[in-house]
>>> print(open('input.pdb').read())   # PDB, C-alpha atoms (C1' of nucleotides)
ATOM      1  CA  MET A   1       0.000   0.000   0.000
ATOM      2  CA  LYS A   2       1.491   3.253  -1.177
ATOM      3  CA  ILE A   3       0.574   6.454   0.660
ATOM      4  CA  THR A   4       1.484  10.033  -0.292
ATOM      5  CA  THR A   5       1.133  13.408   1.394
ATOM      6  CA  TYR A   6       1.130  16.703  -0.508
ATOM      7  CA  ASN A   7       0.452  20.331   0.378
ATOM      8  CA  ALA A   8      -1.181  21.599  -2.824
ATOM      9  CA  ASN A   9      -1.532  25.307  -1.985
ATOM     10  CA  SER A  10      -4.844  25.426  -3.906
ATOM     11  CA  ILE A  11      -6.076  22.197  -5.416
ATOM     12  CA  ARG A  12      -7.801  24.067  -8.249
ATOM     13  CA  SER A  13      -4.408  25.381  -9.357
ATOM     14  CA  ARG A  14      -2.863  21.887  -9.256
ATOM     15  CA  ILE A  15      -5.382  19.847 -11.194
ATOM     16  CA  GLU A  16      -3.090  19.205 -14.150
ATOM     17  CA  ILE A  17      -0.017  18.335 -12.118
ATOM     18  CA  LEU A  18      -2.054  16.180  -9.751
ATOM     19  CA  LEU A  19      -3.699  14.223 -12.551
ATOM     20  CA  ARG A  20      -0.356  13.644 -14.197
ATOM     21  CA  TRP A  21       1.373  12.749 -10.929
ATOM     22  CA  LEU A  22      -1.378  10.333  -9.883
ATOM     23  CA  GLU A  23      -1.287   8.661 -13.279
ATOM     24  CA  ALA A  24       2.497   8.264 -13.145
ATOM     25  CA  ASN A  25       2.747   7.195  -9.484
ATOM     26  CA  ARG A  26      -0.580   5.548  -8.632
ATOM     27  CA  PRO A  27      -0.448   5.753  -4.826
ATOM     28  CA  ASP A  28      -3.273   3.921  -3.075
ATOM     29  CA  VAL A  29      -3.910   6.969  -0.914
ATOM     30  CA  LEU A  30      -3.041  10.645  -1.421
ATOM     31  CA  CYS A  31      -3.520  13.074   1.453
ATOM     32  CA  VAL A  32      -3.752  16.723   0.398
ATOM     33  CA  GLN A  33      -3.491  19.871   2.502
ATOM     34  CA  GLU A  34      -4.267  23.509   1.702
ATOM     35  CA  THR A  35      -6.897  22.735  -0.898
ATOM     36  CA  LYS A  36      -8.160  26.304  -0.428
ATOM     37  CA  VAL A  37     -11.623  25.580  -1.697
ATOM     38  CA  GLN A  38     -15.098  25.400  -0.205
ATOM     39  CA  ASP A  39     -16.771  22.013  -0.459
ATOM     40  CA  ASP A  40     -19.366  23.144  -2.999
ATOM     41  CA  GLN A  41     -16.587  24.316  -5.321
ATOM     42  CA  PHE A  42     -14.258  21.319  -5.002
ATOM     43  CA  PRO A  43     -13.165  20.254  -8.530
ATOM     44  CA  LEU A  44     -14.579  16.728  -8.196
ATOM     45  CA  GLU A  45     -15.337  16.460 -11.885
ATOM     46  CA  ALA A  46     -11.704  17.034 -12.895
ATOM     47  CA  PHE A  47     -10.738  13.878 -11.005
ATOM     48  CA  SER A  48     -13.773  11.793 -11.929
ATOM     49  CA  GLY A  49     -11.860   9.616 -14.402
ATOM     50  CA  SER A  50      -8.814   9.189 -12.177
ATOM     51  CA  GLY A  51      -9.966   6.063 -10.354
ATOM     52  CA  TYR A  52      -9.851   7.742  -6.964
ATOM     53  CA  GLU A  53     -12.588   8.226  -4.432
ATOM     54  CA  ILE A  54     -12.175  11.665  -2.833
ATOM     55  CA  ILE A  55     -13.303  13.014   0.490
ATOM     56  CA  PHE A  56     -12.697  16.648   1.369
ATOM     57  CA  ARG A  57     -13.358  19.304   3.948
ATOM     58  CA  GLY A  58     -12.706  22.893   2.972
ATOM     59  CA  GLN A  59     -13.450  26.506   3.707
ATOM     60  CA  LYS A  60     -13.120  29.785   1.866
ATOM     61  CA  LYS A  61      -9.586  30.965   1.010
ATOM     62  CA  TYR A  62      -7.557  29.067   3.597
ATOM     63  CA  ASN A  63      -6.752  25.584   4.804
ATOM     64  CA  GLY A  64      -8.779  22.641   3.495
ATOM     65  CA  VAL A  65      -7.849  18.944   3.348
ATOM     66  CA  ALA A  66      -8.697  16.015   1.098
ATOM     67  CA  ILE A  67      -8.029  12.290   0.863
ATOM     68  CA  PHE A  68      -7.842  10.538  -2.502
ATOM     69  CA  SER A  69      -8.102   6.755  -2.327
ATOM     70  CA  ARG A  70      -8.271   3.836  -4.733
ATOM     71  CA  ARG A  71      -9.896   1.720  -2.032
ATOM     72  CA  PRO A  72     -13.092   2.522  -0.207
ATOM     73  CA  LEU A  73     -12.724   4.985   2.652
ATOM     74  CA  THR A  74     -14.636   4.086   5.792
ATOM     75  CA  GLU A  75     -15.002   5.325   9.365
ATOM     76  CA  ILE A  76     -14.628   8.933   8.234
ATOM     77  CA  GLU A  77     -14.196  11.772  10.726
ATOM     78  CA  TRP A  78     -14.370  15.346   9.492
ATOM     79  CA  GLN A  79     -12.869  17.373  12.288
ATOM     80  CA  LEU A  80     -10.532  17.190  15.238
ATOM     81  CA  PRO A  81     -12.605  16.854  18.396
ATOM     82  CA  ASP A  82     -12.642  20.025  20.525
ATOM     83  CA  ASP A  83     -10.851  22.149  17.902
ATOM     84  CA  PRO A  84     -11.912  25.591  19.150
ATOM     85  CA  LEU A  85     -11.784  27.211  15.710
ATOM     86  CA  VAL A  86     -13.296  24.347  13.686
ATOM     87  CA  GLN A  87     -11.104  25.049  10.706
ATOM     88  CA  ALA A  88     -10.764  22.613   7.797
ATOM     89  CA  ARG A  89      -7.483  21.039   8.834
ATOM     90  CA  PHE A  90      -8.333  17.445   9.708
ATOM     91  CA  LEU A  91      -9.649  14.342   7.969
ATOM     92  CA  LYS A  92      -9.563  10.792   9.250
ATOM     93  CA  ALA A  93     -10.591   7.659   7.375
ATOM     94  CA  LYS A  94      -9.764   3.999   7.200
ATOM     95  CA  ALA A  95      -8.333   2.595   3.948
ATOM     96  CA  GLY A  96      -7.860  -1.170   4.008
ATOM     97  CA  LYS A  97      -6.198  -2.012   7.326
ATOM     98  CA  VAL A  98      -4.797   1.460   7.915
ATOM     99  CA  VAL A  99      -6.319   4.365   9.787
ATOM    100  CA  ILE A 100      -5.258   7.555   7.994
ATOM    101  CA  VAL A 101      -5.204  10.880   9.817
ATOM    102  CA  ASN A 102      -4.512  13.769   7.451
ATOM    103  CA  THR A 103      -3.708  17.091   9.135
ATOM    104  CA  TYR A 104      -2.757  20.595   8.128
ATOM    105  CA  ILE A 105      -1.229  21.958  11.315
ATOM    106  CA  PRO A 106      -1.574  25.737  11.855
ATOM    107  CA  GLN A 107       1.566  27.555  10.740
ATOM    108  CA  GLY A 108       1.519  29.860  13.759
ATOM    109  CA  GLN A 109       2.398  33.219  12.167
ATOM    110  CA  GLU A 110       4.486  34.691  15.030
ATOM    111  CA  ARG A 111       5.773  33.365  18.321
ATOM    112  CA  ASP A 112       3.823  35.916  20.403
ATOM    113  CA  SER A 113       0.541  35.555  18.494
ATOM    114  CA  GLU A 114      -2.712  33.796  19.338
ATOM    115  CA  LYS A 115      -2.166  31.710  16.237
ATOM    116  CA  PHE A 116       1.006  30.289  17.712
ATOM    117  CA  GLN A 117      -0.888  29.308  20.855
ATOM    118  CA  TYR A 118      -3.497  27.677  18.655
ATOM    119  CA  LYS A 119      -0.725  25.714  16.929
ATOM    120  CA  LEU A 120       0.516  24.351  20.248
ATOM    121  CA  GLU A 121      -3.049  23.632  21.314
ATOM    122  CA  TYR A 122      -3.636  21.756  18.066
ATOM    123  CA  PHE A 123      -0.844  19.300  18.883
ATOM    124  CA  ARG A 124      -2.256  18.794  22.386
ATOM    125  CA  LEU A 125      -5.697  18.085  20.961
ATOM    126  CA  LEU A 126      -4.213  15.640  18.488
ATOM    127  CA  LYS A 127      -2.437  13.797  21.259
ATOM    128  CA  ASP A 128      -5.690  13.606  23.223
ATOM    129  CA  TYR A 129      -7.429  12.360  20.104
ATOM    130  CA  PHE A 130      -4.976   9.509  19.501
ATOM    131  CA  LYS A 131      -4.877   8.636  23.176
ATOM    132  CA  SER A 132      -8.614   8.510  23.667
ATOM    133  CA  ARG A 133      -9.538   6.962  20.341
ATOM    134  CA  PHE A 134      -6.838   4.413  19.483
ATOM    135  CA  ASP A 135      -4.300   1.952  20.752
ATOM    136  CA  PRO A 136      -0.699   2.515  19.599
ATOM    137  CA  LYS A 137      -0.674  -1.166  18.577
ATOM    138  CA  GLU A 138      -3.107  -0.381  15.761
ATOM    139  CA  LYS A 139      -1.944   0.485  12.250
ATOM    140  CA  ILE A 140      -2.263   4.256  12.115
ATOM    141  CA  LEU A 141      -0.732   6.723   9.705
ATOM    142  CA  TRP A 142      -0.696  10.355  10.811
ATOM    143  CA  CYS A 143       0.489  12.533   7.984
ATOM    144  CA  GLY A 144       0.408  15.956   6.426
ATOM    145  CA  ASP A 145       1.958  19.381   6.609
ATOM    146  CA  LEU A 146       2.908  19.513  10.290
ATOM    147  CA  ASN A 147       4.634  22.906  10.001
ATOM    148  CA  VAL A 148       7.488  21.766  12.243
ATOM    149  CA  ALA A 149      11.104  20.963  11.439
ATOM    150  CA  ARG A 150      11.931  18.255  13.972
ATOM    151  CA  GLU A 151      15.683  18.801  14.195
ATOM    152  CA  ALA A 152      18.581  20.839  12.855
ATOM    153  CA  ILE A 153      19.048  18.608   9.817
ATOM    154  CA  ASP A 154      15.482  19.421   8.780
ATOM    155  CA  VAL A 155      16.268  23.038   7.857
ATOM    156  CA  HIS A 156      18.846  24.604   5.522
ATOM    157  CA  ASP A 157      20.064  27.158   8.067
ATOM    158  CA  PRO A 158      19.589  25.813  11.599
ATOM    159  CA  LYS A 159      21.383  28.700  13.313
ATOM    160  CA  GLY A 160      19.696  31.488  11.384
ATOM    161  CA  LEU A 161      16.221  29.998  11.532
ATOM    162  CA  TRP A 162      16.175  28.952  15.182
ATOM    163  CA  GLY A 163      13.184  30.567  16.867
ATOM    164  CA  HIS A 164      10.971  30.534  13.780
ATOM    165  CA  VAL A 165       7.401  29.349  14.448
ATOM    166  CA  CYS A 166       8.189  26.169  12.516
ATOM    167  CA  TYR A 167      11.607  25.630  14.055
ATOM    168  CA  CYS A 168      11.682  26.364  17.775
ATOM    169  CA  LYS A 169      11.588  24.435  21.013
ATOM    170  CA  PRO A 170       7.869  24.786  21.861
ATOM    171  CA  VAL A 171       6.664  23.316  18.552
ATOM    172  CA  GLN A 172       9.316  20.628  18.527
ATOM    173  CA  ASP A 173       8.294  19.615  22.047
ATOM    174  CA  ALA A 174       4.619  19.694  21.086
ATOM    175  CA  LEU A 175       5.261  17.420  18.111
ATOM    176  CA  GLU A 176       7.515  15.067  20.066
ATOM    177  CA  ASP A 177       4.816  14.776  22.689
ATOM    178  CA  VAL A 178       2.434  13.395  20.070
ATOM    179  CA  MET A 179       5.193  11.168  18.672
ATOM    180  CA  LYS A 180       5.768   9.693  22.126
ATOM    181  CA  TRP A 181       2.299   8.209  22.041
ATOM    182  CA  GLY A 182       3.610   5.777  19.453
ATOM    183  CA  PHE A 183       4.679   7.220  16.100
ATOM    184  CA  VAL A 184       7.727   6.645  13.940
ATOM    185  CA  ASP A 185       8.915   9.265  11.423
ATOM    186  CA  VAL A 186       8.975   6.868   8.499
ATOM    187  CA  PHE A 187      11.177   9.006   6.217
ATOM    188  CA  ARG A 188      14.022   8.870   8.742
ATOM    189  CA  LEU A 189      14.040   5.069   8.660
ATOM    190  CA  PHE A 190      15.475   5.326   5.161
ATOM    191  CA  HIS A 191      17.328   8.657   5.116
ATOM    192  CA  GLN A 192      19.320   9.843   8.131
ATOM    193  CA  GLY A 193      21.309  12.714   6.676
ATOM    194  CA  PRO A 194      20.698  16.452   6.228
ATOM    195  CA  GLY A 195      19.433  18.180   3.107
ATOM    196  CA  HIS A 196      16.182  16.246   2.593
ATOM    197  CA  TYR A 197      13.383  18.768   2.353
ATOM    198  CA  THR A 198       9.711  18.791   1.431
ATOM    199  CA  PHE A 199       9.241  22.576   1.229
ATOM    200  CA  TRP A 200      11.107  25.369  -0.556
ATOM    201  CA  ASP A 201       9.701  28.855  -0.011
ATOM    202  CA  TYR A 202       8.495  30.656  -3.139
ATOM    203  CA  ARG A 203       9.838  33.887  -1.759
ATOM    204  CA  VAL A 204      13.395  32.659  -1.633
ATOM    205  CA  HIS A 205      14.739  32.996  -5.123
ATOM    206  CA  ASN A 206      15.785  29.735  -6.814
ATOM    207  CA  SER A 207      15.355  27.898  -3.508
ATOM    208  CA  PRO A 208      14.681  24.422  -4.993
ATOM    209  CA  ASN A 209      17.821  24.493  -7.122
ATOM    210  CA  LEU A 210      19.914  25.791  -4.238
ATOM    211  CA  ASN A 211      18.092  23.361  -1.925
ATOM    212  CA  ILE A 212      17.194  26.114   0.515
ATOM    213  CA  GLY A 213      14.391  24.138   2.069
ATOM    214  CA  TRP A 214      12.671  22.730   5.095
ATOM    215  CA  ARG A 215      11.269  19.325   6.034
ATOM    216  CA  LEU A 216       7.764  20.160   7.212
ATOM    217  CA  ASP A 217       5.714  17.304   5.740
ATOM    218  CA  TYR A 218       5.663  13.906   7.389
ATOM    219  CA  LEU A 219       4.370  10.371   7.330
ATOM    220  CA  MET A 220       4.174   9.191  10.946
ATOM    221  CA  ALA A 221       3.351   5.519  11.447
ATOM    222  CA  THR A 222       2.665   3.450  14.539
ATOM    223  CA  ASP A 223       5.205   0.655  15.135
ATOM    224  CA  SER A 224       3.216  -2.189  13.634
ATOM    225  CA  LEU A 225       2.684  -0.149  10.466
ATOM    226  CA  ALA A 226       6.232   1.243  10.336
ATOM    227  CA  LYS A 227       7.547  -2.340  10.424
ATOM    228  CA  THR A 228       5.876  -2.964   7.066
ATOM    229  CA  CYS A 229       7.431   0.104   5.443
ATOM    230  CA  SER A 230       9.859  -0.838   2.662
ATOM    231  CA  ASP A 231      10.522   2.604   1.176
ATOM    232  CA  CYS A 232       9.937   6.311   1.744
ATOM    233  CA  SER A 233      10.994   9.131  -0.538
ATOM    234  CA  ILE A 234      10.512  12.774  -1.433
ATOM    235  CA  ASP A 235       9.725  13.535  -5.073
ATOM    236  CA  VAL A 236      12.183  16.369  -5.609
ATOM    237  CA  GLU A 237      11.782  16.106  -9.387
ATOM    238  CA  ALA A 238       8.141  17.153  -9.187
ATOM    239  CA  ARG A 239       9.253  20.436  -7.659
ATOM    240  CA  MET A 240      11.881  21.053 -10.337
ATOM    241  CA  GLY A 241       9.515  20.885 -13.265
ATOM    242  CA  GLU A 242       6.634  23.154 -14.079
ATOM    243  CA  LYS A 243       4.792  25.246 -11.579
ATOM    244  CA  THR A 244       3.648  23.228  -8.604
ATOM    245  CA  SER A 245       3.130  24.075  -4.955
ATOM    246  CA  ASP A 246       6.179  25.059  -2.902
ATOM    247  CA  HIS A 247       5.801  21.708  -1.155
ATOM    248  CA  THR A 248       6.365  18.408  -2.881
ATOM    249  CA  PHE A 249       5.128  14.823  -2.701
ATOM    250  CA  LEU A 250       6.272  12.546   0.131
ATOM    251  CA  THR A 251       5.491   8.864  -0.380
ATOM    252  CA  ALA A 252       5.892   5.650   1.592
ATOM    253  CA  GLN A 253       5.384   2.039   0.582
ATOM    254  CA  PHE A 254       3.822  -0.276   3.164
ATOM    255  CA  ASP A 255       3.871  -3.999   2.459
ATOM    256  CA  LEU A 256       0.535  -5.028   3.896
TER     257      LEU A 256
ATOM    258  C1'  DA B 257      18.250  34.262   2.239
ATOM    259  C1'  DT B 258      11.336  36.317   6.204
ATOM    260  C1'  DG B 259      10.748  38.039   1.153
ATOM    261  C1'  DG B 260      12.354  39.233  -4.279
ATOM    262  C1'  DT B 261       6.176  34.861  -4.849
ATOM    263  C1'  DG B 262       1.891  32.776  -5.205
ATOM    264  C1'  DG B 263      -3.057  32.015  -4.252
ATOM    265  C1'  DC B 264      -7.527  33.560  -2.931
ATOM    266  C1'  DA B 265     -10.914  36.963  -2.684
ATOM    267  C1'  DC B 266     -11.287  41.313  -2.478
ATOM    268  C1'  DC B 267      -8.862  46.059  -2.506
ATOM    269  C1'  DG B 268      -5.415  42.596   2.319
ATOM    270  C1'  DC B 269      -4.408  38.096   4.353
ATOM    271  C1'  DC B 270      -1.878  34.021   4.705
ATOM    272  C1'  DA B 271       2.075  31.129   4.009
TER     273       DA B 271
END
>>> encode(input="input.pdb", output="structure tokens")
Amino acid sequence: MKITTYNANSIRSRIEILLRWLEANRPDVLCVQETKVQDDQFPLEAFSGSGYEIIFRGQKKYNGVAIFSRRPLTEIEWQLPDDPLVQARFLKAKAGKVVIVNTYIPQGQERDSEKFQYKLEYFRLLKDYFKSRFDPKEKILWCGDLNVAREAIDVHDPKGLWGHVCYCKPVQDALEDVMKWGFVDVFRLFHQGPGHYTFWDYRVHNSPNLNIGWRLDYLMATDSLAKTCSDCSIDVEARMGEKTSDHTFLTAQFDL
DNA sequence: ATGGTGGCACCGCCA
């Protein structure tokens, strides 16, 4: 079972690249973040011939998540319990034997802002959700744009960027606290070194070619699922070609 | 190397 996560930064702007990428790569499940479209305007028709069932939860302008799947999606949940803002950042469904939790974690704007507090709160709520709803022995994949670089090797300039809302102690601790419940960062099972990124800021000129990036997107698997993982990779090529999002595709293969 | 961009919906906000 092949599972991919991708921050689209507007799904309506990525229809062509998504169709082409899905055709070429055929993951069983694709989790998308930042669809930036209300549900009644989701471009369902564009994907109708793709062979994927799609569930989505969006809002106007910001956020929005979707799950594409070649197998039936069951046990769907549309929002994170107790999320005080009820934004479209969460989708959970079961595909085959795997529970998929697709999240777009708040970016946090500035360290002293309410949005940053909301980001920290979001991780706490997620931990409560996993704790109250599941057993870490189950096969669960938590994935998405987590808006956190876990360690120094996950950013291009660890000294200069330290303190950023996506690279500072409070968010790292908040993420690790969820990880402690029972998740493995599947990408790191296969790649231990620096320089592997999933995000290159548009505003930094030529950042993909200079590899001025961040690792902000993750596939986190519980132990029993991580044990079945035979490969995990970032599609850097997709970012080099024509205009895509400033994130790229992160994919893992699970032999289930 | 935090914006020089990009996207959405409006005339600014968010990343």
>>> interface_residues(input="input.pdb", of="chain B", to="chain A", cutoff="6 Å", atoms="all atoms listed in the file", output="list in words")
DG259, DT261 and DC264 of chain B
>>> resolve_selection(input="input.pdb", expression="the PyMOL selection byres ((chain A and resi 93) around 8)", output="PDB file with C-alpha atoms, keeping the file's coordinate frame")
ATOM      1  CA  LEU A  73     -12.724   4.985   2.652  1.00  0.00           C
ATOM      2  CA  THR A  74     -14.636   4.086   5.792  1.00  0.00           C
ATOM      3  CA  GLU A  75     -15.002   5.325   9.365  1.00  0.00           C
ATOM      4  CA  ILE A  76     -14.628   8.933   8.234  1.00  0.00           C
ATOM      5  CA  GLU A  77     -14.196  11.772  10.726  1.00  0.00           C
ATOM      6  CA  LEU A  91      -9.649  14.342   7.969  1.00  0.00           C
ATOM      7  CA  LYS A  92      -9.563  10.792   9.250  1.00  0.00           C
ATOM      8  CA  LYS A  94      -9.764   3.999   7.200  1.00  0.00           C
ATOM      9  CA  ALA A  95      -8.333   2.595   3.948  1.00  0.00           C
ATOM     10  CA  VAL A  99      -6.319   4.365   9.787  1.00  0.00           C
ATOM     11  CA  ILE A 100      -5.258   7.555   7.994  1.00  0.00           C
ATOM     12  CA  VAL A 101      -5.204  10.880   9.817  1.00  0.00           C
TER      13      VAL A 101
END
>>> closest_residue(input="input.pdb", among="A:Thr222, A:Gln117, A:Gln87, A:Thr35", to="B:DG263", atoms="all atoms listed in the file")
A:Thr35
>>> atom_distance(input="input.pdb", atom1="atom CA of A:Ser233", atom2="atom CA of A:Pro170")
27.5 Å
>>> resolve_selection(input="input.pdb", expression="the PyMOL selection byres ((chain A and resi 151) around 10)", output="ChimeraX atom specification")
/A:148-150,152-155,158,167-169,172,194,215
>>> write_last_selection(input="input.pdb", atoms="C-alpha atoms", output="PDB file, in the coordinates of the input")
ATOM      1  CA  VAL A 148       7.488  21.766  12.243  1.00  0.00           C
ATOM      2  CA  ALA A 149      11.104  20.963  11.439  1.00  0.00           C
ATOM      3  CA  ARG A 150      11.931  18.255  13.972  1.00  0.00           C
ATOM      4  CA  ALA A 152      18.581  20.839  12.855  1.00  0.00           C
ATOM      5  CA  ILE A 153      19.048  18.608   9.817  1.00  0.00           C
ATOM      6  CA  ASP A 154      15.482  19.421   8.780  1.00  0.00           C
ATOM      7  CA  VAL A 155      16.268  23.038   7.857  1.00  0.00           C
ATOM      8  CA  PRO A 158      19.589  25.813  11.599  1.00  0.00           C
ATOM      9  CA  TYR A 167      11.607  25.630  14.055  1.00  0.00           C
ATOM     10  CA  CYS A 168      11.682  26.364  17.775  1.00  0.00           C
ATOM     11  CA  LYS A 169      11.588  24.435  21.013  1.00  0.00           C
ATOM     12  CA  GLN A 172       9.316  20.628  18.527  1.00  0.00           C
ATOM     13  CA  PRO A 194      20.698  16.452   6.228  1.00  0.00           C
ATOM     14  CA  ARG A 215      11.269  19.325   6.034  1.00  0.00           C
TER      15      ARG A 215
END
>>> residues_around(input="input.pdb", residues="A:Met1", least_positions_apart="4", cutoff="6 Å", atoms="only C-alpha atoms (C1' of nucleotides)", output="PDB file with C-alpha atoms, in the coordinates of the input")
ATOM      1  CA  ASP A  28      -3.273   3.921  -3.075  1.00  0.00           C
ATOM      2  CA  GLN A 253       5.384   2.039   0.582  1.00  0.00           C
ATOM      3  CA  PHE A 254       3.822  -0.276   3.164  1.00  0.00           C
TER       4      PHE A 254
END
>>> closest_residue(input="input.pdb", among="A:Ser50, A:Thr5, A:Asn147, A:Gln41", to="B:DA271", atoms="all atoms listed in the file")
A:Asn147
>>> resolve_selection(input="input.pdb", expression="the PyMOL selection byres ((chain A and resi 123) around 10)", output="list of chain:residue names")
A:Ile105, A:Pro106, A:Tyr118, A:Lys119, A:Leu120, A:Glu121, A:Tyr122, A:Arg124, A:Leu125, A:Leu126, A:Lys127, A:Asp128, A:Tyr129, A:Leu146, A:Val171, A:Asp173, A:Ala174, A:Leu175, A:Glu176, A:Asp177, A:Val178
>>> atom_distance(input="input.pdb", atom1="atom CA of A:Glu114", atom2="atom CA of A:Val86")
15.3 Å
>>> atom_distance(input="input.pdb", atom1="atom CA of A:Asn206", atom2="atom CA of A:Gly241")
12.6 Å
>>> decode(input="input.pdb", residues="chain B", atoms="N, CA and C atoms (P, O5', C5', C4', C3', O3' and C1' of nucleotides)", output="compact mmCIF listing (two decimals), in the first residue's frame")
# COMPACT_ATOMS: atom_id res chain seq x y z
P DA B 257 22.44 35.87 4.17
O5' DA B 257 20.94 35.69 3.63
C5' DA B 257 19.99 36.67 3.96
C4' DA B 257 18.60 36.16 3.57
C3' DA B 257 18.10 35.03 4.47
O3' DA B 257 16.69 35.16 4.57
C1' DA B 257 18.25 34.26 2.24
P DT B 258 16.17 35.74 5.98
O5' DT B 258 14.65 36.00 5.56
C5' DT B 258 14.29 36.97 4.60
C4' DT B 258 12.89 37.50 4.93
C3' DT B 258 12.83 38.12 6.33
O3' DT B 258 11.91 39.22 6.31
C1' DT B 258 11.34 36.32 6.20
P DG B 259 12.25 40.55 5.72
O5' DG B 259 12.22 40.33 4.12
C5' DG B 259 11.02 40.51 3.40
C4' DG B 259 11.31 40.17 1.95
C3' DG B 259 10.11 40.30 1.02
O3' DG B 259 10.59 40.54 -0.29
C1' DG B 259 10.75 38.04 1.15
P DG B 260 10.19 41.85 -0.93
O5' DG B 260 10.80 41.72 -2.37
C5' DG B 260 9.96 41.63 -3.51
C4' DG B 260 10.64 40.77 -4.55
C3' DG B 260 10.06 39.36 -4.64
O3' DG B 260 10.05 38.98 -6.00
C1' DG B 260 12.35 39.23 -4.28
P DT B 261 8.66 38.72 -6.69
O5' DT B 261 8.21 37.31 -6.08
C5' DT B 261 8.99 36.17 -6.33
C4' DT B 261 8.11 34.96 -6.18
C3' DT B 261 6.90 34.94 -7.10
O3' DT B 261 6.75 33.61 -7.54
C1' DT B 261 6.18 34.86 -4.85
P DG B 262 5.80 33.26 -8.76
O5' DG B 262 4.48 32.71 -8.06
C5' DG B 262 4.56 31.57 -7.24
C4' DG B 262 3.29 31.46 -6.46
C3' DG B 262 1.99 31.62 -7.26
O3' DG B 262 1.32 30.39 -7.13
C1' DG B 262 1.89 32.78 -5.21
P DG B 263 0.05 30.12 -8.07
O5' DG B 263 -1.16 30.36 -7.07
C5' DG B 263 -1.44 29.41 -6.05
C4' DG B 263 -2.51 29.99 -5.17
C3' DG B 263 -3.73 30.48 -5.95
O3' DG B 263 -4.82 29.62 -5.68
C1' DG B 263 -3.06 32.01 -4.25
P DC B 264 -6.20 29.86 -6.38
O5' DC B 264 -6.99 30.74 -5.30
C5' DC B 264 -7.23 30.19 -4.01
C4' DC B 264 -7.83 31.27 -3.14
C3' DC B 264 -9.06 31.91 -3.77
O3' DC B 264 -10.19 31.62 -2.96
C1' DC B 264 -7.53 33.56 -2.93
P DA B 265 -11.61 32.02 -3.40
O5' DA B 265 -11.76 33.51 -2.87
C5' DA B 265 -11.66 33.76 -1.48
C4' DA B 265 -11.61 35.26 -1.26
C3' DA B 265 -12.84 36.02 -1.76
O3' DA B 265 -13.15 36.99 -0.78
C1' DA B 265 -10.91 36.96 -2.68
P DC B 266 -14.49 37.82 -0.74
O5' DC B 266 -14.14 39.37 -0.83
C5' DC B 266 -13.27 39.87 0.15
C4' DC B 266 -12.13 40.58 -0.51
C3' DC B 266 -12.29 42.11 -0.53
O3' DC B 266 -11.20 42.60 0.17
C1' DC B 266 -11.29 41.31 -2.48
P DC B 267 -11.42 43.95 1.05
O5' DC B 267 -10.24 44.84 0.46
C5' DC B 267 -8.92 44.34 0.51
C4' DC B 267 -8.09 45.03 -0.55
C3' DC B 267 -7.96 46.53 -0.34
O3' DC B 267 -6.62 46.89 -0.56
C1' DC B 267 -8.86 46.06 -2.51
P DG B 268 -5.75 47.37 0.74
O5' DG B 268 -5.68 46.02 1.57
C5' DG B 268 -6.32 45.94 2.86
C4' DG B 268 -6.35 44.50 3.28
C3' DG B 268 -5.16 44.10 4.15
O3' DG B 268 -5.66 43.46 5.31
C1' DG B 268 -5.41 42.60 2.32
P DC B 269 -4.68 42.83 6.42
O5' DC B 269 -4.81 41.30 6.05
C5' DC B 269 -6.07 40.63 6.13
C4' DC B 269 -5.87 39.18 5.80
C3' DC B 269 -4.79 38.52 6.66
O3' DC B 269 -5.34 37.37 7.22
C1' DC B 269 -4.41 38.10 4.35
P DC B 270 -4.59 36.66 8.47
O5' DC B 270 -3.80 35.49 7.77
C5' DC B 270 -4.50 34.43 7.12
C4' DC B 270 -3.54 33.70 6.23
C3' DC B 270 -2.26 33.23 6.94
O3' DC B 270 -2.35 31.83 7.14
C1' DC B 270 -1.88 34.02 4.70
P DA B 271 -1.27 31.11 8.10
O5' DA B 271 -0.14 30.70 7.02
C5' DA B 271 -0.40 29.63 6.11
C4' DA B 271 0.67 29.65 5.04
C3' DA B 271 2.07 29.33 5.55
O3' DA B 271 2.52 28.11 4.97
C1' DA B 271 2.08 31.13 4.01
